[in-house]
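Chemist: One structure, as structure tokens, below. Some questions next.
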Amino acid sequence: MFWKRLRFTLEMIRFEHSVFALPFALTGALLAWREGGLSAAQVWWKLLWIVIAMVGARSAAMAFNRVVDADIDARNPRTRSRHLPAGLLSRGFAWGFVIIAAAAFLLAARRLNTLCFRLAPVALGIVFFYSFTKRFTSFSHLVLGFALGIAPAAAWIAVRGSLDPRILWLTAAVTFWTAGFDVIYSCQDYDFDRREGLFSLPRVLGIAGALRVAQLLHVMMIACLLALVFTLHLGSLALAGVAAIAGLLVYEHSLVKPADLSRVNAAFFTMNGYVSVLFFVFWAADIFLHASNIR
């Protein structure tokens, strides 16, 4: 019974999608290490707690979202088979999981440093707040983006104990990237959102207009990444990573047409997983290649 519930819980929070934000957080941590002053051993220990914090915060946020949206999901043909509407898990169990995951996040923040612990409730407030935004604003996609975008800045703080404004370029990049692919994903619920009175860019602009906004958001992501490359004086591998991401995003947008949303899942899940992983591989390689420059 325990293992069955655990499997259902991991399915409910889409645990495998932690890959979306985690590589950007780890990159933020490595960029902070690149600034010098810490040994590799110190950073590896911090990376462990950063991973625990990331998984805890994301798990709490996803479970919270499922509880808050359970009634809406039950009315949506696309989501009515989710675990809470389908009765596979109870709301009480989901609330308990939210509390445990949030506690794990707070513990990890406490082990990292004082500033992380002080900011941890703010971070939880941001990721929980997103779940309510589709009820009153079409900018919910950007709120979701910011909820993920704070991860690299938080990782920088975890490593250095303070915030460097330069890392906010990566926060902006992740915000625009996430908002863009969330706009694409929400196109599937265009009719449902209109019927239920929920807010989204597809409902306001139509599917074709929303897809154009998603393209613009991803262009802005690339611009922010380039700004970060030059601000932090990164090398050719980082630039190659930006080019690879740009190519993947172009392909992602080619998969989705206003009259054909049949490949949204491929665009959303597969391509964005490649984006985050490739980003980390290229940028981590660039950082380690120039590790000899670390003081």
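Note on naming: chains are A, B, ... as they come in the structure tokens, residues start from 1 per chain, ligands start from 1 in the order shown.
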Can you pull out the residues contacting Thr133 in chain A? Cut-off 12 Å, using only C-alpha atoms, and skip same-chain residues under 2 positions away; I want them as a PyMOL selection string.
Modeler: chain A and resi 65+68-69+126-131+135-144+198-200
Chemist: Using DSSP assignments from the backbone, pull out every residue in range 24-83 of chain A that falls under alpha helix (DSSP H) and give it to me as an NGL selection string.
Modeler: :A and (24-34 or 40-68 or 70-75)
Chemist: Restricting the calculation to only C-alpha atoms: of A:Arg34, A:Arg5, A:Arg58, A:Arg111, which residue gets closest to Ser18 in chain A?
Modeler: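 Counting only C-alpha atoms, the residue closest to Ser18 in chain A is A:Arg58.
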Chemist: Do you know which residues are at most 12 Å from Leu26 in chain A counting only C-alpha atoms, after dropping those on the same chain fewer than 3 positions away, and could you put them as a PyMOL selection string?
Modeler: chain A and resi 19-23+29-33+43-44+46-54+151-159+170+276-277+279-281+283-284+287
Chemist: If you keep N, CA and C atoms, can you produce a file of those selected residues as a JSON list (two decimals), in the first residue's frame?
Modeler:
[["chain", "number", "residue", "atom", "x", "y", "z"],
["A", 19, "VAL", "N", 13.46, 17.95, -13.75],
["A", 19, "VAL", "CA", 14.57, 18.22, -14.66],
["A", 19, "VAL", "C", 14.42, 19.59, -15.32],
["A", 20, "PHE", "N", 13.20, 20.15, -15.33],
["A", 20, "PHE", "CA", 13.00, 21.44, -15.98],
["A", 20, "PHE", "C", 13.78, 22.55, -15.28],
["A", 21, "ALA", "N", 13.64, 22.67, -13.96],
["A", 21, "ALA", "CA", 14.23, 23.79, -13.24],
["A", 21, "ALA", "C", 15.56, 23.44, -12.58],
["A", 22, "LEU", "N", 15.75, 22.18, -12.19],
["A", 22, "LEU", "CA", 16.94, 21.81, -11.43],
["A", 22, "LEU", "C", 18.25, 22.14, -12.15],
["A", 23, "PRO", "N", 18.40, 21.85, -13.46],
["A", 23, "PRO", "CA", 19.67, 22.20, -14.12],
["A", 23, "PRO", "C", 19.99, 23.68, -14.07],
["A", 29, "ALA", "N", 24.37, 27.73, -9.07],
["A", 29, "ALA", "CA", 25.33, 27.38, -8.01],
["A", 29, "ALA", "C", 26.75, 27.33, -8.55],
["A", 30, "LEU", "N", 26.94, 26.73, -9.73],
["A", 30, "LEU", "CA", 28.28, 26.63, -10.31],
["A", 30, "LEU", "C", 28.82, 28.01, -10.70],
["A", 31, "LEU", "N", 27.95, 28.88, -11.19],
["A", 31, "LEU", "CA", 28.38, 30.23, -11.51],
["A", 31, "LEU", "C", 28.83, 30.97, -10.26],
["A", 32, "ALA", "N", 28.14, 30.72, -9.15],
["A", 32, "ALA", "CA", 28.55, 31.34, -7.88],
["A", 32, "ALA", "C", 29.89, 30.79, -7.43],
["A", 33, "TRP", "N", 30.10, 29.49, -7.58],
["A", 33, "TRP", "CA", 31.39, 28.88, -7.24],
["A", 33, "TRP", "C", 32.52, 29.45, -8.10],
["A", 43, "VAL", "N", 31.40, 23.26, -2.13],
["A", 43, "VAL", "CA", 30.31, 23.45, -3.08],
["A", 43, "VAL", "C", 29.53, 22.16, -3.30],
["A", 44, "TRP", "N", 30.24, 21.01, -3.35],
["A", 44, "TRP", "CA", 29.51, 19.75, -3.53],
["A", 44, "TRP", "C", 28.55, 19.51, -2.38],
["A", 46, "LYS", "N", 27.09, 21.86, -0.61],
["A", 46, "LYS", "CA", 25.98, 22.79, -0.82],
["A", 46, "LYS", "C", 25.07, 22.31, -1.95],
["A", 47, "LEU", "N", 25.65, 21.74, -3.00],
["A", 47, "LEU", "CA", 24.84, 21.24, -4.11],
["A", 47, "LEU", "C", 23.86, 20.18, -3.63],
["A", 48, "LEU", "N", 24.28, 19.33, -2.70],
["A", 48, "LEU", "CA", 23.38, 18.31, -2.16],
["A", 48, "LEU", "C", 22.16, 18.95, -1.52],
["A", 49, "TRP", "N", 22.39, 19.96, -0.70],
["A", 49, "TRP", "CA", 21.27, 20.62, -0.03],
["A", 49, "TRP", "C", 20.45, 21.46, -1.00],
["A", 50, "ILE", "N", 21.08, 21.99, -2.04],
["A", 50, "ILE", "CA", 20.33, 22.72, -3.07],
["A", 50, "ILE", "C", 19.38, 21.78, -3.79],
["A", 51, "VAL", "N", 19.84, 20.58, -4.11],
["A", 51, "VAL", "CA", 18.97, 19.59, -4.77],
["A", 51, "VAL", "C", 17.80, 19.24, -3.86],
["A", 52, "ILE", "N", 18.07, 19.01, -2.57],
["A", 52, "ILE", "CA", 16.99, 18.69, -1.63],
["A", 52, "ILE", "C", 16.00, 19.84, -1.54],
["A", 53, "ALA", "N", 16.52, 21.07, -1.49],
["A", 53, "ALA", "CA", 15.65, 22.24, -1.43],
["A", 53, "ALA", "C", 14.80, 22.36, -2.69],
["A", 54, "MET", "N", 15.41, 22.17, -3.85],
["A", 54, "MET", "CA", 14.68, 22.27, -5.11],
["A", 54, "MET", "C", 13.57, 21.22, -5.20],
["A", 151, "ALA", "N", 14.91, 30.06, -8.87],
["A", 151, "ALA", "CA", 15.79, 28.94, -8.48],
["A", 151, "ALA", "C", 17.28, 29.25, -8.65],
["A", 152, "PRO", "N", 17.73, 29.72, -9.83],
["A", 152, "PRO", "CA", 19.17, 30.00, -9.96],
["A", 152, "PRO", "C", 19.65, 31.10, -9.04],
["A", 153, "ALA", "N", 18.83, 32.12, -8.81],
["A", 153, "ALA", "CA", 19.22, 33.18, -7.88],
["A", 153, "ALA", "C", 19.31, 32.63, -6.46],
["A", 154, "ALA", "N", 18.35, 31.76, -6.11],
["A", 154, "ALA", "CA", 18.38, 31.14, -4.78],
["A", 154, "ALA", "C", 19.62, 30.27, -4.62],
["A", 155, "ALA", "N", 19.99, 29.56, -5.69],
["A", 155, "ALA", "CA", 21.19, 28.71, -5.63],
["A", 155, "ALA", "C", 22.44, 29.57, -5.46],
["A", 156, "TRP", "N", 22.48, 30.72, -6.12],
["A", 156, "TRP", "CA", 23.61, 31.64, -5.96],
["A", 156, "TRP", "C", 23.72, 32.07, -4.50],
["A", 157, "ILE", "N", 22.58, 32.45, -3.91],
["A", 157, "ILE", "CA", 22.56, 32.85, -2.51],
["A", 157, "ILE", "C", 23.00, 31.69, -1.61],
["A", 158, "ALA", "N", 22.58, 30.47, -1.97],
["A", 158, "ALA", "CA", 22.95, 29.31, -1.17],
["A", 158, "ALA", "C", 24.46, 29.12, -1.13],
["A", 159, "VAL", "N", 25.13, 29.40, -2.24],
["A", 159, "VAL", "CA", 26.57, 29.20, -2.31],
["A", 159, "VAL", "C", 27.33, 30.37, -1.70],
["A", 170, "LEU", "N", 19.79, 35.28, -15.38],
["A", 170, "LEU", "CA", 19.37, 33.89, -15.49],
["A", 170, "LEU", "C", 17.96, 33.70, -14.93],
["A", 276, "SER", "N", 16.74, 22.21, -20.87],
["A", 276, "SER", "CA", 17.34, 22.40, -19.56],
["A", 276, "SER", "C", 18.60, 21.56, -19.38],
["A", 277, "VAL", "N", 18.57, 20.32, -19.84],
["A", 277, "VAL", "CA", 19.73, 19.45, -19.68],
["A", 277, "VAL", "C", 20.91, 19.93, -20.53],
["A", 279, "PHE", "N", 21.44, 22.91, -21.63],
["A", 279, "PHE", "CA", 21.93, 24.16, -21.05],
["A", 279, "PHE", "C", 22.95, 23.86, -19.96],
["A", 280, "PHE", "N", 22.60, 22.97, -19.05],
["A", 280, "PHE", "CA", 23.49, 22.64, -17.95],
["A", 280, "PHE", "C", 24.79, 22.01, -18.44],
["A", 281, "VAL", "N", 24.69, 21.10, -19.39],
["A", 281, "VAL", "CA", 25.88, 20.41, -19.89],
["A", 281, "VAL", "C", 26.87, 21.42, -20.49],
["A", 283, "TRP", "N", 26.99, 24.80, -20.13],
["A", 283, "TRP", "CA", 27.47, 25.84, -19.22],
["A", 283, "TRP", "C", 28.35, 25.25, -18.13],
["A", 284, "ALA", "N", 28.02, 24.06, -17.64],
["A", 284, "ALA", "CA", 28.89, 23.42, -16.65],
["A", 284, "ALA", "C", 30.25, 23.12, -17.26],
["A", 287, "ILE", "N", 32.22, 26.27, -17.37],
["A", 287, "ILE", "CA", 32.69, 26.68, -16.05],
["A", 287, "ILE", "C", 33.88, 25.83, -15.61]]
Chemist: Find the residues around Leu278 in chain A up to 12 Å (only C-alpha atoms counted), leave out those fewer than 2 positions away in its own chain, and share them as a PDB file with N, CA, C and O atoms, in the first residue's frame.
Modeler:
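Final file, selection.pdb:
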ATOM      1  N   VAL A  19      13.461  17.945 -13.749  1.00  0.00           N
ATOM      2  CA  VAL A  19      14.570  18.224 -14.663  1.00  0.00           C
ATOM      3  C   VAL A  19      14.424  19.589 -15.325  1.00  0.00           C
ATOM      4  O   VAL A  19      15.400  20.172 -15.794  1.00  0.00           O
ATOM      5  N   PHE A  20      13.197  20.149 -15.330  1.00  0.00           N
ATOM      6  CA  PHE A  20      13.004  21.438 -15.977  1.00  0.00           C
ATOM      7  C   PHE A  20      13.785  22.549 -15.275  1.00  0.00           C
ATOM      8  O   PHE A  20      14.483  23.333 -15.918  1.00  0.00           O
ATOM      9  N   PRO A  23      18.396  21.851 -13.455  1.00  0.00           N
ATOM     10  CA  PRO A  23      19.665  22.196 -14.117  1.00  0.00           C
ATOM     11  C   PRO A  23      19.989  23.682 -14.071  1.00  0.00           C
ATOM     12  O   PRO A  23      21.166  24.064 -13.981  1.00  0.00           O
ATOM     13  N   PHE A  24      18.961  24.536 -14.124  1.00  0.00           N
ATOM     14  CA  PHE A  24      19.218  25.974 -14.048  1.00  0.00           C
ATOM     15  C   PHE A  24      19.673  26.370 -12.644  1.00  0.00           C
ATOM     16  O   PHE A  24      20.537  27.237 -12.480  1.00  0.00           O
ATOM     17  N   THR A  27      23.217  25.310 -12.314  1.00  0.00           N
ATOM     18  CA  THR A  27      24.075  26.240 -13.051  1.00  0.00           C
ATOM     19  C   THR A  27      24.308  27.511 -12.245  1.00  0.00           C
ATOM     20  O   THR A  27      25.420  28.044 -12.207  1.00  0.00           O
ATOM     21  N   LEU A 237      31.918  27.767 -24.987  1.00  0.00           N
ATOM     22  CA  LEU A 237      30.996  26.661 -24.735  1.00  0.00           C
ATOM     23  C   LEU A 237      29.643  27.174 -24.239  1.00  0.00           C
ATOM     24  O   LEU A 237      28.595  26.630 -24.598  1.00  0.00           O
ATOM     25  N   ALA A 238      29.668  28.211 -23.417  1.00  0.00           N
ATOM     26  CA  ALA A 238      28.408  28.807 -22.961  1.00  0.00           C
ATOM     27  C   ALA A 238      27.634  29.390 -24.140  1.00  0.00           C
ATOM     28  O   ALA A 238      26.409  29.224 -24.247  1.00  0.00           O
ATOM     29  N   ALA A 240      27.907  28.372 -27.224  1.00  0.00           N
ATOM     30  CA  ALA A 240      27.418  27.226 -27.997  1.00  0.00           C
ATOM     31  C   ALA A 240      26.158  26.655 -27.357  1.00  0.00           C
ATOM     32  O   ALA A 240      25.232  26.218 -28.056  1.00  0.00           O
ATOM     33  N   GLY A 241      26.104  26.664 -26.024  1.00  0.00           N
ATOM     34  CA  GLY A 241      24.905  26.199 -25.333  1.00  0.00           C
ATOM     35  C   GLY A 241      23.701  27.064 -25.642  1.00  0.00           C
ATOM     36  O   GLY A 241      22.592  26.557 -25.845  1.00  0.00           O
ATOM     37  N   VAL A 242      23.904  28.374 -25.701  1.00  0.00           N
ATOM     38  CA  VAL A 242      22.807  29.284 -26.051  1.00  0.00           C
ATOM     39  C   VAL A 242      22.329  29.005 -27.473  1.00  0.00           C
ATOM     40  O   VAL A 242      21.120  28.984 -27.751  1.00  0.00           O
ATOM     41  N   ALA A 243      23.268  28.777 -28.385  1.00  0.00           N
ATOM     42  CA  ALA A 243      22.904  28.471 -29.771  1.00  0.00           C
ATOM     43  C   ALA A 243      22.112  27.167 -29.856  1.00  0.00           C
ATOM     44  O   ALA A 243      21.124  27.066 -30.603  1.00  0.00           O
ATOM     45  N   ALA A 244      22.543  26.160 -29.082  1.00  0.00           N
ATOM     46  CA  ALA A 244      21.829  24.876 -29.082  1.00  0.00           C
ATOM     47  C   ALA A 244      20.409  25.044 -28.561  1.00  0.00           C
ATOM     48  O   ALA A 244      19.453  24.480 -29.122  1.00  0.00           O
ATOM     49  N   ILE A 245      20.261  25.830 -27.507  1.00  0.00           N
ATOM     50  CA  ILE A 245      18.931  26.081 -26.951  1.00  0.00           C
ATOM     51  C   ILE A 245      18.055  26.807 -27.964  1.00  0.00           C
ATOM     52  O   ILE A 245      16.876  26.489 -28.138  1.00  0.00           O
ATOM     53  N   ALA A 246      18.614  27.789 -28.630  1.00  0.00           N
ATOM     54  CA  ALA A 246      17.849  28.533 -29.643  1.00  0.00           C
ATOM     55  C   ALA A 246      17.349  27.584 -30.728  1.00  0.00           C
ATOM     56  O   ALA A 246      16.194  27.662 -31.152  1.00  0.00           O
ATOM     57  N   GLY A 247      18.209  26.675 -31.164  1.00  0.00           N
ATOM     58  CA  GLY A 247      17.797  25.706 -32.175  1.00  0.00           C
ATOM     59  C   GLY A 247      16.687  24.803 -31.682  1.00  0.00           C
ATOM     60  O   GLY A 247      15.717  24.523 -32.417  1.00  0.00           O
ATOM     61  N   LEU A 248      16.788  24.348 -30.444  1.00  0.00           N
ATOM     62  CA  LEU A 248      15.740  23.490 -29.878  1.00  0.00           C
ATOM     63  C   LEU A 248      14.415  24.234 -29.764  1.00  0.00           C
ATOM     64  O   LEU A 248      13.340  23.662 -30.017  1.00  0.00           O
ATOM     65  N   MET A 271      10.957  18.449 -25.534  1.00  0.00           N
ATOM     66  CA  MET A 271      11.880  19.489 -25.966  1.00  0.00           C
ATOM     67  C   MET A 271      12.388  20.328 -24.801  1.00  0.00           C
ATOM     68  O   MET A 271      13.571  20.684 -24.745  1.00  0.00           O
ATOM     69  N   ASN A 272      11.519  20.636 -23.837  1.00  0.00           N
ATOM     70  CA  ASN A 272      11.970  21.471 -22.727  1.00  0.00           C
ATOM     71  C   ASN A 272      12.882  20.702 -21.773  1.00  0.00           C
ATOM     72  O   ASN A 272      13.748  21.298 -21.121  1.00  0.00           O
ATOM     73  N   GLY A 273      12.707  19.393 -21.704  1.00  0.00           N
ATOM     74  CA  GLY A 273      13.675  18.589 -20.966  1.00  0.00           C
ATOM     75  C   GLY A 273      15.042  18.662 -21.600  1.00  0.00           C
ATOM     76  O   GLY A 273      16.069  18.817 -20.916  1.00  0.00           O
ATOM     77  N   TYR A 274      15.091  18.580 -22.943  1.00  0.00           N
ATOM     78  CA  TYR A 274      16.363  18.713 -23.664  1.00  0.00           C
ATOM     79  C   TYR A 274      16.972  20.095 -23.451  1.00  0.00           C
ATOM     80  O   TYR A 274      18.193  20.231 -23.287  1.00  0.00           O
ATOM     81  N   VAL A 275      16.128  21.129 -23.459  1.00  0.00           N
ATOM     82  CA  VAL A 275      16.627  22.497 -23.285  1.00  0.00           C
ATOM     83  C   VAL A 275      17.367  22.638 -21.959  1.00  0.00           C
ATOM     84  O   VAL A 275      18.500  23.128 -21.907  1.00  0.00           O
ATOM     85  N   SER A 276      16.739  22.211 -20.873  1.00  0.00           N
ATOM     86  CA  SER A 276      17.343  22.401 -19.556  1.00  0.00           C
ATOM     87  C   SER A 276      18.605  21.563 -19.381  1.00  0.00           C
ATOM     88  O   SER A 276      19.606  22.047 -18.843  1.00  0.00           O
ATOM     89  N   PHE A 280      22.601  22.966 -19.046  1.00  0.00           N
ATOM     90  CA  PHE A 280      23.494  22.642 -17.946  1.00  0.00           C
ATOM     91  C   PHE A 280      24.794  22.012 -18.443  1.00  0.00           C
ATOM     92  O   PHE A 280      25.882  22.356 -17.968  1.00  0.00           O
ATOM     93  N   VAL A 281      24.688  21.095 -19.389  1.00  0.00           N
ATOM     94  CA  VAL A 281      25.884  20.412 -19.895  1.00  0.00           C
ATOM     95  C   VAL A 281      26.865  21.419 -20.493  1.00  0.00           C
ATOM     96  O   VAL A 281      28.062  21.412 -20.173  1.00  0.00           O
ATOM     97  N   PHE A 282      26.381  22.302 -21.355  1.00  0.00           N
ATOM     98  CA  PHE A 282      27.262  23.273 -22.007  1.00  0.00           C
ATOM     99  C   PHE A 282      27.842  24.271 -21.006  1.00  0.00           C
ATOM    100  O   PHE A 282      29.046  24.557 -21.028  1.00  0.00           O
ATOM    101  N   TRP A 283      26.994  24.797 -20.132  1.00  0.00           N
ATOM    102  CA  TRP A 283      27.466  25.835 -19.216  1.00  0.00           C
ATOM    103  C   TRP A 283      28.353  25.253 -18.126  1.00  0.00           C
ATOM    104  O   TRP A 283      29.331  25.881 -17.722  1.00  0.00           O
ATOM    105  N   ALA A 284      28.021  24.064 -17.638  1.00  0.00           N
ATOM    106  CA  ALA A 284      28.887  23.424 -16.646  1.00  0.00           C
ATOM    107  C   ALA A 284      30.249  23.119 -17.257  1.00  0.00           C
ATOM    108  O   ALA A 284      31.290  23.318 -16.608  1.00  0.00           O
ATOM    109  N   ALA A 285      30.248  22.653 -18.510  1.00  0.00           N
ATOM    110  CA  ALA A 285      31.519  22.375 -19.189  1.00  0.00           C
ATOM    111  C   ALA A 285      32.342  23.654 -19.330  1.00  0.00           C
ATOM    112  O   ALA A 285      33.567  23.643 -19.127  1.00  0.00           O
TER     113      ALA A 285
END
Chemist: With a distance cut-off of 6 Å and only C-alpha atoms, select the neighbouring residues of Thr175 in chain A, excluding the residue or stretch itself and same-chain residues fewer than 2 positions from it, and output the selection as JSON, numbers by chain.
Modeler: {"A": [145, 146, 149, 172, 173, 177, 178]}
Chemist: Please list as a list in words every residue within 9 Å of Arg91 in chain A, counting only C-alpha atoms and excluding residues in the same chain fewer than 5 positions away.
Modeler: Val67, Ala70, Leu84 and Gly96 of chain A
Chemist: Go through range 164-226 of chain A residue by residue and, counting only C-alpha atoms, keep those with an atom at most 9 Å from range 72-76 of chain A; for each kept residue give the shortest atom pair and its distance in Å to one decimal, ordered by chain and increasing number, as JSON lines.
Modeler:
{"residue": "A:Asp189", "atom": "CA", "partner": "A:Asn76", "partner_atom": "CA", "distance": 8.3}
{"residue": "A:Phe192", "atom": "CA", "partner": "A:Asn76", "partner_atom": "CA", "distance": 6.7}
{"residue": "A:Glu196", "atom": "CA", "partner": "A:Ile72", "partner_atom": "CA", "distance": 8.6}
Chemist: Restricted to all heavy atoms, what would the selected residues look like written as a short mmCIF file (atom, residue, chain, number, x, y, z; two decimals), in the first residue's frame?
Modeler:
data_model
loop_
_atom_site.label_atom_id
_atom_site.label_comp_id
_atom_site.auth_asym_id
_atom_site.auth_seq_id
_atom_site.Cartn_x
_atom_site.Cartn_y
_atom_site.Cartn_z
N ASP A 189 -6.24 24.00 -23.37
CA ASP A 189 -7.42 24.26 -22.55
C ASP A 189 -8.17 25.51 -22.99
O ASP A 189 -8.94 26.09 -22.21
CB ASP A 189 -7.00 24.41 -21.08
CG ASP A 189 -6.50 23.10 -20.50
OD1 ASP A 189 -7.00 22.04 -20.91
OD2 ASP A 189 -5.60 23.14 -19.65
N PHE A 192 -11.96 25.09 -22.67
CA PHE A 192 -12.33 24.91 -21.26
C PHE A 192 -12.17 26.21 -20.49
O PHE A 192 -13.05 26.57 -19.69
CB PHE A 192 -11.46 23.82 -20.64
CG PHE A 192 -11.74 23.59 -19.18
CD1 PHE A 192 -12.85 22.88 -18.78
CD2 PHE A 192 -10.89 24.11 -18.21
CE1 PHE A 192 -13.12 22.67 -17.43
CE2 PHE A 192 -11.15 23.91 -16.86
CZ PHE A 192 -12.27 23.18 -16.47
N GLU A 196 -15.13 28.08 -18.46
CA GLU A 196 -15.05 28.20 -17.00
C GLU A 196 -14.74 29.62 -16.54
O GLU A 196 -14.78 29.91 -15.35
CB GLU A 196 -13.96 27.26 -16.48
CG GLU A 196 -14.30 25.80 -16.61
CD GLU A 196 -15.36 25.36 -15.61
OE1 GLU A 196 -15.34 25.84 -14.45
OE2 GLU A 196 -16.21 24.53 -15.99
#
Chemist: Tell me, as a PyMOL selection string, which residues lie within 10 Å of Ser186 in chain A, counting only C-alpha atoms; anything in the same chain fewer than 5 positions away does not count.
Modeler: chain A and resi 141+181+193+200-203+207+210+264
Chemist: Here is a test: counting only C-alpha atoms, which residue of A:Arg194, A:Arg160, A:His253, A:Arg212 is nearest to Ser39 in chain A?
Modeler: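 For Ser39 in chain A, the nearest of the candidates is A:Arg160.
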Chemist: With distances taken over only C-alpha atoms, which of A:Val229, A:Ala214, A:Met12, A:Ala41 is nearest to Val250 in chain A?
Modeler: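 Smallest separation from Val250 in chain A among the options: A:Ala214.
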Chemist: Rounded to one decimal, what separation in Å do you get between CA of Phe288 in chain A and CA of Arg166 in chain A?
Modeler: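 Between CA of Phe288 in chain A and CA of Arg166 in chain A the gap works out to 19.5 Å.
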Chemist: Please determine, counting only C-alpha atoms, which residue among A:Val174, A:Ile167, A:Ala267, A:Ala25 has the shortest atom-to-atom distance to Met220 in chain A.
Modeler: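 When distances to Met220 in chain A are compared using only C-alpha atoms, the smallest one comes from A:Val174.
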